>>> print(open('work_8.cif').read())   # mmCIF, C-alpha atoms
data_structure
loop_
_atom_site.label_atom_id
_atom_site.label_comp_id
_atom_site.auth_asym_id
_atom_site.auth_seq_id
_atom_site.Cartn_x
_atom_site.Cartn_y
_atom_site.Cartn_z
CA MET X 11 0.00 0.00 0.00
CA SER X 12 1.39 3.36 -1.04
CA ILE X 13 0.50 6.32 1.17
CA SER X 14 -0.12 9.60 -0.64
CA PHE X 15 -1.25 13.02 0.56
CA GLU X 16 -1.85 14.42 -2.92
CA GLY X 17 -4.39 17.25 -2.86
CA GLN X 18 -4.42 17.49 0.94
CA VAL X 19 -3.47 20.42 3.15
CA ALA X 20 -1.45 19.85 6.32
CA ILE X 21 -0.50 22.12 9.21
CA VAL X 22 2.57 21.07 11.17
CA THR X 23 3.42 23.06 14.28
CA GLY X 24 7.00 23.43 15.44
CA ALA X 25 8.08 22.52 11.90
CA GLY X 26 11.23 24.61 11.64
CA ASN X 27 13.46 22.02 13.26
CA GLY X 28 13.64 18.41 14.40
CA LEU X 29 10.58 16.22 14.20
CA GLY X 30 8.27 18.90 12.84
CA ARG X 31 10.69 19.67 10.02
CA ALA X 32 10.91 15.98 9.10
CA HIS X 33 7.09 15.66 9.22
CA ALA X 34 6.59 18.70 6.98
CA LEU X 35 9.19 17.64 4.41
CA GLU X 36 7.85 14.11 4.09
CA LEU X 37 4.24 15.26 3.84
CA ALA X 38 5.24 17.63 1.04
CA LYS X 39 7.28 14.92 -0.67
CA ARG X 40 4.12 12.80 -0.73
CA GLY X 41 1.98 15.53 -2.25
CA ALA X 42 0.60 17.60 0.63
CA LYS X 43 0.48 21.37 0.67
CA VAL X 44 2.05 22.33 4.00
CA VAL X 45 1.76 25.17 6.48
CA VAL X 46 5.15 25.25 8.18
CA ASN X 47 4.44 26.71 11.60
CA ASP X 48 7.28 27.73 13.86
CA LEU X 49 7.66 30.55 16.34
CA GLY X 50 11.39 30.10 15.97
CA GLY X 51 12.17 30.19 19.66
CA ALA X 52 14.91 28.43 21.58
CA ARG X 53 14.39 25.06 23.24
CA ASP X 54 13.09 26.78 26.39
CA GLY X 55 10.63 28.87 24.37
CA SER X 56 12.55 32.13 24.49
CA GLY X 57 13.10 34.31 21.43
CA ALA X 58 11.59 34.11 17.95
CA SER X 59 12.82 33.84 14.37
CA SER X 60 11.23 32.91 11.05
CA GLU X 61 14.42 31.69 9.39
CA ALA X 62 14.11 27.97 10.22
CA ALA X 63 10.53 27.79 8.95
CA GLN X 64 11.40 29.75 5.81
CA GLU X 65 14.23 27.33 5.08
CA VAL X 66 11.80 24.39 5.24
CA VAL X 67 9.50 26.21 2.82
CA ARG X 68 12.41 26.80 0.43
CA ILE X 69 13.28 23.09 0.47
CA ILE X 70 9.65 22.12 -0.21
CA GLU X 71 9.31 24.61 -3.06
CA ALA X 72 12.64 23.54 -4.55
CA GLY X 73 11.22 20.03 -4.72
CA GLY X 74 8.14 21.26 -6.59
CA GLY X 75 5.82 21.39 -3.60
CA GLU X 76 3.67 24.12 -2.09
CA ALA X 77 4.14 25.57 1.38
CA PHE X 78 4.14 28.75 3.39
CA ALA X 79 5.58 29.63 6.77
CA HIS X 80 3.67 31.10 9.69
CA GLY X 81 5.16 32.17 13.00
CA ALA X 82 2.07 31.74 15.18
CA ASN X 83 2.71 31.13 18.85
CA VAL X 84 0.47 28.11 19.38
CA ALA X 85 -0.24 29.27 22.94
CA LYS X 86 -2.06 32.32 21.50
CA PHE X 87 -5.38 31.46 19.87
CA ASP X 88 -5.66 34.65 17.80
CA GLU X 89 -2.31 33.92 16.13
CA VAL X 90 -3.36 30.33 15.45
CA GLN X 91 -6.65 31.53 13.95
CA ASP X 92 -4.73 33.82 11.62
CA MET X 93 -2.57 30.89 10.48
CA VAL X 94 -5.59 28.71 9.75
CA LEU X 95 -7.38 31.58 7.96
CA GLN X 96 -4.35 32.02 5.69
CA ALA X 97 -4.38 28.31 4.88
CA MET X 98 -8.08 28.46 4.04
CA ASP X 99 -7.65 31.59 1.90
CA LYS X 100 -4.79 29.97 0.00
CA TRP X 101 -5.97 26.37 -0.36
CA GLY X 102 -9.60 26.20 0.82
CA ARG X 103 -9.33 23.29 3.26
CA VAL X 104 -7.31 21.74 6.09
CA ASP X 105 -7.04 17.96 6.12
CA ILE X 106 -4.24 17.29 8.59
CA LEU X 107 -3.02 18.87 11.79
CA ILE X 108 0.11 17.60 13.51
CA ASN X 109 0.44 19.18 16.96
CA ASN X 110 4.21 18.97 17.36
CA ALA X 111 5.34 22.31 18.82
CA GLY X 112 6.92 22.09 22.23
CA ILE X 113 9.42 23.48 24.71
CA LEU X 114 11.29 22.22 27.77
CA ARG X 115 11.74 23.87 31.18
CA ASP X 116 13.18 20.92 33.11
CA LYS X 117 13.74 21.02 36.86
CA SER X 118 12.77 18.87 39.79
CA PHE X 119 9.31 19.75 41.10
CA ALA X 120 10.81 21.10 44.33
CA LYS X 121 12.94 23.60 42.42
CA MET X 122 10.54 24.41 39.59
CA ASP X 123 9.01 27.85 39.37
CA LEU X 124 5.26 27.70 38.75
CA ALA X 125 5.69 30.07 35.80
CA ASP X 126 7.81 27.41 34.09
CA PHE X 127 5.14 24.80 34.82
CA GLN X 128 2.43 27.05 33.36
CA LEU X 129 4.41 27.92 30.23
CA VAL X 130 5.07 24.28 29.35
CA MET X 131 1.39 23.48 29.87
CA ASP X 132 0.41 26.47 27.72
CA VAL X 133 2.60 25.40 24.79
CA HIS X 134 2.05 21.64 24.82
CA LEU X 135 -1.52 21.32 26.05
CA MET X 136 -3.14 24.65 25.20
CA GLY X 137 -1.14 24.82 21.98
CA SER X 138 -2.73 21.53 20.94
CA VAL X 139 -6.14 22.75 22.10
CA ASN X 140 -5.82 26.06 20.24
CA CYS X 141 -4.71 24.51 16.95
CA THR X 142 -7.31 21.75 17.13
CA LYS X 143 -10.09 24.22 17.97
CA ALA X 144 -9.09 26.42 15.03
CA VAL X 145 -9.46 23.56 12.51
CA TRP X 146 -12.25 21.56 14.18
CA ASP X 147 -15.25 23.20 12.50
CA ILE X 148 -13.45 23.15 9.14
CA MET X 149 -12.91 19.41 9.44
CA ARG X 150 -16.48 18.85 10.60
CA GLU X 151 -17.89 20.76 7.63
CA GLN X 152 -15.76 18.89 5.10
CA ASN X 153 -16.45 15.57 6.89
CA TYR X 154 -12.77 14.73 7.00
CA GLY X 155 -9.86 15.38 9.30
CA ARG X 156 -6.73 13.76 10.68
CA ILE X 157 -5.20 15.11 13.89
CA VAL X 158 -2.02 13.92 15.56
CA MET X 159 -1.19 14.81 19.16
CA THR X 160 2.39 14.47 20.33
CA THR X 161 2.60 12.71 23.66
CA SER X 162 5.65 11.32 25.46
CA SER X 163 6.87 8.44 27.58
CA SER X 164 7.57 11.15 30.17
CA GLY X 165 3.84 11.68 30.47
CA MET X 166 2.74 8.06 30.32
CA TYR X 167 5.44 6.68 32.61
CA GLY X 168 7.14 9.67 34.28
CA ASN X 169 10.61 11.15 34.00
CA PHE X 170 12.63 12.85 36.74
CA GLY X 171 12.68 16.62 36.35
CA GLN X 172 9.77 16.77 33.91
CA SER X 173 6.63 17.14 36.02
CA ASN X 174 5.44 20.04 33.83
CA TYR X 175 6.24 18.32 30.53
CA GLY X 176 4.89 14.98 31.71
CA ALA X 177 1.63 16.52 32.92
CA ALA X 178 1.11 18.27 29.59
CA LYS X 179 1.95 15.18 27.56
CA MET X 180 -0.49 13.03 29.50
CA ALA X 181 -3.15 15.72 29.20
CA VAL X 182 -3.12 15.63 25.38
CA LEU X 183 -4.13 11.97 25.61
CA GLY X 184 -7.21 12.94 27.60
CA LEU X 185 -7.96 15.51 24.91
CA MET X 186 -7.52 12.86 22.22
CA ASN X 187 -9.82 10.36 23.93
CA THR X 188 -12.79 12.73 23.94
CA LEU X 189 -12.14 14.20 20.48
CA VAL X 190 -12.17 10.67 19.07
CA LEU X 191 -15.75 10.28 20.30
CA GLU X 192 -16.90 13.72 19.20
CA GLY X 193 -15.26 13.60 15.77
CA ALA X 194 -16.26 10.09 14.71
CA LYS X 195 -19.45 11.00 12.84
CA ASN X 196 -17.51 13.48 10.68
CA ASP X 197 -14.61 11.11 9.95
CA ILE X 198 -12.20 13.09 12.11
CA ARG X 199 -9.63 10.65 13.43
CA VAL X 200 -7.37 11.62 16.31
CA ASN X 201 -4.21 9.75 17.26
CA ALA X 202 -1.10 10.34 19.33
CA LEU X 203 2.58 9.91 18.58
CA SER X 204 5.08 9.16 21.34
CA PRO X 205 8.50 9.91 19.80
CA SER X 206 12.03 9.09 20.85
CA ALA X 207 14.32 11.11 18.63
CA GLY X 208 17.63 12.89 18.57
CA THR X 209 16.60 16.53 18.28
CA ARG X 210 17.66 19.79 19.92
CA MET X 211 15.20 18.90 22.70
CA THR X 212 17.35 15.87 23.59
CA GLU X 213 20.82 16.55 22.15
CA ASP X 214 22.50 17.20 25.50
CA LEU X 215 20.65 14.36 27.25
CA ILE X 216 21.69 11.42 25.02
CA PRO X 217 25.19 10.06 24.16
CA GLU X 218 26.23 10.98 20.60
CA GLU X 219 26.37 7.41 19.26
CA ILE X 220 22.81 6.72 20.43
CA PHE X 221 21.66 10.20 19.39
CA ASN X 222 22.70 9.46 15.80
CA MET X 223 20.54 6.31 15.72
CA MET X 224 17.44 8.18 16.82
CA THR X 225 16.60 9.89 13.55
CA ALA X 226 13.65 12.20 13.11
CA GLU X 227 12.80 10.37 9.90
CA SER X 228 12.14 7.11 11.73
CA VAL X 229 9.60 8.91 13.90
CA THR X 230 8.05 10.68 10.91
CA ALA X 231 7.21 7.28 9.40
CA GLY X 232 4.99 6.77 12.44
CA ALA X 233 3.50 10.27 12.28
CA LEU X 234 2.38 9.84 8.68
CA THR X 235 0.90 6.45 9.49
CA LEU X 236 -1.40 8.24 11.94
CA CYS X 237 -2.72 10.90 9.55
CA HIS X 238 -3.30 9.31 6.15
CA GLN X 239 -6.70 8.49 4.71
CA ASP X 240 -6.91 4.99 6.22
CA ALA X 241 -5.33 5.96 9.53
CA PRO X 242 -6.37 4.25 12.75
CA ASN X 243 -8.28 6.11 15.46
CA ARG X 244 -7.37 6.59 19.12
CA MET X 245 -3.96 5.02 18.63
CA ILE X 246 -0.91 5.84 20.73
CA LEU X 247 2.02 4.94 18.49
CA CYS X 248 5.49 4.94 20.01
CA ALA X 249 8.39 5.39 17.59
CA GLY X 250 12.14 5.73 17.89
CA ALA X 251 15.40 4.47 16.34
CA GLY X 252 13.44 2.19 14.02
CA GLY X 253 11.34 0.69 16.82
CA TYR X 254 7.53 0.93 16.80
CA ALA X 255 5.06 -0.06 19.53
CA SER X 256 1.63 0.87 20.84
CA THR X 257 0.66 2.00 24.31
CA ARG X 258 -2.84 1.07 25.46
CA LEU X 259 -4.79 1.89 28.61
CA PHE X 260 -6.51 -1.13 30.14
CA GLU X 261 -8.74 -1.52 33.20
CA THR X 262 -9.04 -4.66 35.27
CA ASP X 263 -12.44 -6.27 35.69
CA GLY X 264 -12.24 -5.54 39.42
CA VAL X 265 -14.46 -6.68 42.28
CA PHE X 266 -17.78 -5.74 43.88
CA LEU X 267 -18.20 -5.03 47.59
CA PRO X 268 -21.68 -4.80 49.18
CA VAL X 269 -22.49 -1.76 51.30
CA GLU X 270 -21.38 -3.31 54.58
CA GLN X 271 -17.96 -4.09 53.08
CA GLN X 272 -17.32 -0.72 51.44
CA THR X 273 -14.50 0.17 53.82
CA PRO X 274 -10.80 0.78 53.19
CA GLU X 275 -10.02 -2.40 55.12
CA ASP X 276 -12.17 -4.51 52.81
CA VAL X 277 -10.85 -2.76 49.71
CA LEU X 278 -7.33 -3.65 50.84
CA ALA X 279 -8.39 -7.22 51.57
CA LYS X 280 -9.61 -7.56 47.98
CA TRP X 281 -6.50 -5.95 46.50
CA ASP X 282 -5.39 -9.02 44.55
CA GLY X 283 -8.80 -9.24 42.86
CA ILE X 284 -8.79 -5.53 42.10
CA CYS X 285 -5.40 -5.84 40.41
CA ASP X 286 -6.06 -9.16 38.64
CA THR X 287 -5.31 -8.58 34.95
CA THR X 288 -6.79 -11.80 33.55
CA GLN X 289 -10.01 -10.10 32.42
CA GLN X 290 -8.71 -6.59 31.82
CA ALA X 291 -10.22 -4.64 28.93
CA GLU X 292 -9.75 -1.41 27.00
CA LEU X 293 -12.74 0.87 27.63
CA GLU X 294 -14.06 2.84 24.68
CA ALA X 295 -15.49 5.67 26.79
CA GLY X 296 -15.56 6.80 30.42
CA SER X 297 -19.20 5.78 30.71
CA LYS X 298 -18.19 2.16 30.21
CA GLN X 299 -16.51 2.12 33.62
CA THR X 300 -19.72 3.29 35.31
CA GLU X 301 -21.69 0.76 33.27
CA LYS X 302 -19.39 -2.04 34.42
CA PHE X 303 -19.67 -1.13 38.09
CA LEU X 304 -23.45 -0.79 37.93
CA THR X 305 -23.69 -4.18 36.20
CA LYS X 306 -21.76 -5.74 39.06
CA ALA X 307 -23.95 -4.00 41.63
CA MET X 308 -27.18 -5.09 39.91
CA ALA X 309 -25.94 -8.66 39.63
CA TYR X 310 -25.27 -8.69 43.38
CA VAL X 311 -28.74 -7.31 44.17
CA GLN X 312 -30.37 -9.97 42.00
CA SER X 313 -28.34 -12.70 43.67
CA GLN X 314 -29.70 -11.61 47.06
CA GLN X 315 -33.36 -11.77 46.03
#
>>> encode(input="work_8.cif", output="structure tokens")
Amino acid sequence: MSISFEGQVAIVTGAGNGLGRAHALELAKRGAKVVVNDLGGARDGSGASSEAAQEVVRIIEAGGGEAFAHGANVAKFDEVQDMVLQAMDKWGRVDILINNAGILRDKSFAKMDLADFQLVMDVHLMGSVNCTKAVWDIMREQNYGRIVMTTSSSGMYGNFGQSNYGAAKMAVLGLMNTLVLEGAKNDIRVNALSPSAGTRMTEDLIPEEIFNMMTAESVTAGALTLCHQDAPNRMILCAGAGGYASTRLFETDGVFLPVEQQTPEDVLAKWDGICDTTQQAELEAGSKQTEKFLTKAMAYVQSQQ
């Protein structure tokens, strides 16, 4: 199966460098018209420059593709709206959004200033919210859309010194889970990419030999898998150094305790049953958990009659 994006319009945030750059270039190579978004700031979010994004546009155009750069700060909704409006004025649709823009402000939680926590949340979480909100009605009206969130193992599993980054990266999964349900009837599919790559975000954290194995291109192969026409939905795809895996959230079947046993002591006594994974399942919506518990409760009531 050959994957093509011919005739489609894609917005890639944080596309001046690293993963976003690789995503934008490969989308264009496969036929997409690309909005190359990049504020052009440093790794910590300071400063701004359009040069990196303009260079990506030049490469795309030199290869016969179409692109334009936009320096919207994804944490500012009015700037994001302007970017999307320009895309609509130029090409008349938006098919793909890859929420890739991000910054780091790493410190242990004890030493972290709350302003640094807020800024990382604003860029990663609210940046994804702002960009998604700006294209959501467009995708609904055209009955087609592919959105990729960028999550992280730091969010799903934790990483010392990254409480702000980890919180934001887990939050975009909560956003994805609900958007999947709300976008289904309009063929809007929402997935998440968990990358491990050698970029300026990680260059001083990883030994050089390993850094060179962790190419952005290997991650981009995963990103494009999540946003083509036959893409999955509600997938968390992990990619790095040529390795690909999925992360799934499962819930155990659990136990039921009658009213007289609903105490912390009895919960603890049933701990092995609560944690038993033999009948665990992936729940398709939050309501399914409530439905499961009520089913157990009703079954108990019936057994007592």
>>> residues_near_point(input="work_8.cif", point="(-9.1, 26.1, 0.5)", cutoff="12 Å", atoms="only C-alpha atoms", output="list in words")
Gly17, Gln18, Val19, Ala20, Lys43, Val94, Leu95, Gln96, Ala97, Met98, Asp99, Lys100, Trp101, Gly102, Arg103, Val104, Asp105, Ile148, Met149 and Gln152 of chain X
>>> write_last_selection(input="work_8.cif", atoms="C-alpha atoms", output="CSV table (one decimal), in the frame of the given file")
chain,number,residue,atom,x,y,z
X,17,GLY,CA,-4.4,17.2,-2.9
X,18,GLN,CA,-4.4,17.5,0.9
X,19,VAL,CA,-3.5,20.4,3.2
X,20,ALA,CA,-1.4,19.8,6.3
X,43,LYS,CA,0.5,21.4,0.7
X,94,VAL,CA,-5.6,28.7,9.8
X,95,LEU,CA,-7.4,31.6,8.0
X,96,GLN,CA,-4.4,32.0,5.7
X,97,ALA,CA,-4.4,28.3,4.9
X,98,MET,CA,-8.1,28.5,4.0
X,99,ASP,CA,-7.6,31.6,1.9
X,100,LYS,CA,-4.8,30.0,0.0
X,101,TRP,CA,-6.0,26.4,-0.4
X,102,GLY,CA,-9.6,26.2,0.8
X,103,ARG,CA,-9.3,23.3,3.3
X,104,VAL,CA,-7.3,21.7,6.1
X,105,ASP,CA,-7.0,18.0,6.1
X,148,ILE,CA,-13.4,23.2,9.1
X,149,MET,CA,-12.9,19.4,9.4
X,152,GLN,CA,-15.8,18.9,5.1
>>> resolve_selection(input="work_8.cif", expression="the PyMOL selection byres ((chain X and resi 107) around 12)", output="compact mmCIF listing (two decimals) with C-alpha atoms, in the frame of the given file")
# COMPACT_ATOMS: atom_id res chain seq x y z
CA GLN X 18 -4.42 17.49 0.94
CA VAL X 19 -3.47 20.42 3.15
CA ALA X 20 -1.45 19.85 6.32
CA ILE X 21 -0.50 22.12 9.21
CA VAL X 22 2.57 21.07 11.17
CA THR X 23 3.42 23.06 14.28
CA GLY X 24 7.00 23.43 15.44
CA ALA X 25 8.08 22.52 11.90
CA GLY X 30 8.27 18.90 12.84
CA HIS X 33 7.09 15.66 9.22
CA ALA X 34 6.59 18.70 6.98
CA LEU X 37 4.24 15.26 3.84
CA ALA X 42 0.60 17.60 0.63
CA LYS X 43 0.48 21.37 0.67
CA VAL X 44 2.05 22.33 4.00
CA VAL X 45 1.76 25.17 6.48
CA VAL X 46 5.15 25.25 8.18
CA ASN X 47 4.44 26.71 11.60
CA VAL X 94 -5.59 28.71 9.75
CA ALA X 97 -4.38 28.31 4.88
CA ARG X 103 -9.33 23.29 3.26
CA VAL X 104 -7.31 21.74 6.09
CA ASP X 105 -7.04 17.96 6.12
CA ILE X 106 -4.24 17.29 8.59
CA ILE X 108 0.11 17.60 13.51
CA ASN X 109 0.44 19.18 16.96
CA ASN X 110 4.21 18.97 17.36
CA ALA X 111 5.34 22.31 18.82
CA GLY X 137 -1.14 24.82 21.98
CA SER X 138 -2.73 21.53 20.94
CA VAL X 139 -6.14 22.75 22.10
CA ASN X 140 -5.82 26.06 20.24
CA CYS X 141 -4.71 24.51 16.95
CA THR X 142 -7.31 21.75 17.13
CA LYS X 143 -10.09 24.22 17.97
CA ALA X 144 -9.09 26.42 15.03
CA VAL X 145 -9.46 23.56 12.51
CA TRP X 146 -12.25 21.56 14.18
CA ILE X 148 -13.45 23.15 9.14
CA MET X 149 -12.91 19.41 9.44
CA TYR X 154 -12.77 14.73 7.00
CA GLY X 155 -9.86 15.38 9.30
CA ARG X 156 -6.73 13.76 10.68
CA ILE X 157 -5.20 15.11 13.89
CA VAL X 158 -2.02 13.92 15.56
CA MET X 159 -1.19 14.81 19.16
CA THR X 160 2.39 14.47 20.33
CA ILE X 198 -12.20 13.09 12.11
CA ARG X 199 -9.63 10.65 13.43
CA VAL X 200 -7.37 11.62 16.31
CA ASN X 201 -4.21 9.75 17.26
CA ALA X 202 -1.10 10.34 19.33
CA ALA X 233 3.50 10.27 12.28
CA LEU X 234 2.38 9.84 8.68
CA LEU X 236 -1.40 8.24 11.94
CA CYS X 237 -2.72 10.90 9.55
CA HIS X 238 -3.30 9.31 6.15
>>> resolve_selection(input="work_8.cif", expression="the PyMOL selection byres ((chain X and resi 263) around 7)", output="mmCIF file with C-alpha atoms, in the coordinates of the input")
data_model
loop_
_atom_site.group_PDB
_atom_site.id
_atom_site.type_symbol
_atom_site.label_atom_id
_atom_site.label_comp_id
_atom_site.auth_asym_id
_atom_site.auth_seq_id
_atom_site.Cartn_x
_atom_site.Cartn_y
_atom_site.Cartn_z
ATOM 1 C CA GLU X 261 -8.740 -1.520 33.200
ATOM 2 C CA THR X 262 -9.040 -4.660 35.270
ATOM 3 C CA GLY X 264 -12.240 -5.540 39.420
ATOM 4 C CA VAL X 265 -14.460 -6.680 42.280
ATOM 5 C CA GLN X 289 -10.010 -10.100 32.420
ATOM 6 C CA GLN X 290 -8.710 -6.590 31.820
#
>>> residues_around(input="work_8.cif", residues="Gly176 of chain X", least_positions_apart="4", cutoff="7 Å", atoms="all atoms listed in the file", output="list in words")
Ser164, Gly165, Gly168, Gln172 and Met180 of chain X
>>> closest_residue(input="work_8.cif", among="X:Asp88, X:Glu301, X:Asp48, X:Glu16", to="Val66 of chain X", atoms="only C-alpha atoms")
X:Asp48
>>> closest_atom_pairs(input="work_8.cif", of="segment 143-201 of chain X", to="segment 129-132 of chain X", cutoff="10 Å", atoms="all atoms listed in the file", output="tab-separated table")
residue	atom	partner	partner_atom	distance
X:Gln172	CA	X:Val130	CA	10.0
X:Ser173	CA	X:Val130	CA	9.9
X:Asn174	CA	X:Val130	CA	6.2
X:Tyr175	CA	X:Val130	CA	6.2
X:Gly176	CA	X:Met131	CA	9.4
X:Ala177	CA	X:Met131	CA	7.6
X:Ala178	CA	X:Met131	CA	5.2
X:Lys179	CA	X:Met131	CA	8.6
X:Ala181	CA	X:Met131	CA	9.0
>>> closest_residue(input="work_8.cif", among="X:Met308, X:Ile284, X:Met166, X:Leu293", to="Ile246 of chain X", atoms="all atoms listed in the file")
X:Met166
>>> closest_residue(input="work_8.cif", among="X:Lys195, X:Pro268, X:Met224, X:Gln128", to="Gln314 of chain X", atoms="only C-alpha atoms")
X:Pro268
>>> residues_around(input="work_8.cif", residues="Ala309 of chain X", least_positions_apart="4", cutoff="12 Å", atoms="only C-alpha atoms", output="ChimeraX atom specification")
/X:265-268,302-305,313-315
>>> write_last_selection(input="work_8.cif", atoms="C-alpha atoms", output="CSV table (one decimal), keeping the file's coordinate frame")
chain,number,residue,atom,x,y,z
X,265,VAL,CA,-14.5,-6.7,42.3
X,266,PHE,CA,-17.8,-5.7,43.9
X,267,LEU,CA,-18.2,-5.0,47.6
X,268,PRO,CA,-21.7,-4.8,49.2
X,302,LYS,CA,-19.4,-2.0,34.4
X,303,PHE,CA,-19.7,-1.1,38.1
X,304,LEU,CA,-23.4,-0.8,37.9
X,305,THR,CA,-23.7,-4.2,36.2
X,313,SER,CA,-28.3,-12.7,43.7
X,314,GLN,CA,-29.7,-11.6,47.1
X,315,GLN,CA,-33.4,-11.8,46.0
>>> residues_around(input="work_8.cif", residues="Ala72 of chain X", least_positions_apart="6", cutoff="12 Å", atoms="all atoms listed in the file", output="ChimeraX atom specification")
/X:35,38-39,65-66
>>> atom_distance(input="work_8.cif", atom1="atom CA of Glu61 of chain X", atom2="atom CA of Leu49 of chain X")
9.8 Å
>>> residues_around(input="work_8.cif", residues="Ser60 of chain X", least_positions_apart="2", cutoff="10 Å", atoms="only C-alpha atoms", output="CSV table (one decimal) with C-alpha atoms, in the coordinates of the input")
chain,number,residue,atom,x,y,z
X,26,GLY,CA,11.2,24.6,11.6
X,47,ASN,CA,4.4,26.7,11.6
X,48,ASP,CA,7.3,27.7,13.9
X,49,LEU,CA,7.7,30.6,16.3
X,50,GLY,CA,11.4,30.1,16.0
X,51,GLY,CA,12.2,30.2,19.7
X,58,ALA,CA,11.6,34.1,18.0
X,62,ALA,CA,14.1,28.0,10.2
X,63,ALA,CA,10.5,27.8,9.0
X,64,GLN,CA,11.4,29.8,5.8
X,65,GLU,CA,14.2,27.3,5.1
X,79,ALA,CA,5.6,29.6,6.8
X,80,HIS,CA,3.7,31.1,9.7
X,81,GLY,CA,5.2,32.2,13.0
>>> resolve_selection(input="work_8.cif", expression="the PyMOL selection byres ((chain X and resi 260) around 6)", output="list in words")
Leu259, Glu261, Ala291 and Glu292 of chain X
>>> atom_distance(input="work_8.cif", atom1="atom CA of Arg68 of chain X", atom2="atom CA of Val90 of chain X")
22.1 Å
>>> atom_distance(input="work_8.cif", atom1="atom CA of Leu203 of chain X", atom2="atom CA of Asn169 of chain X")
17.4 Å
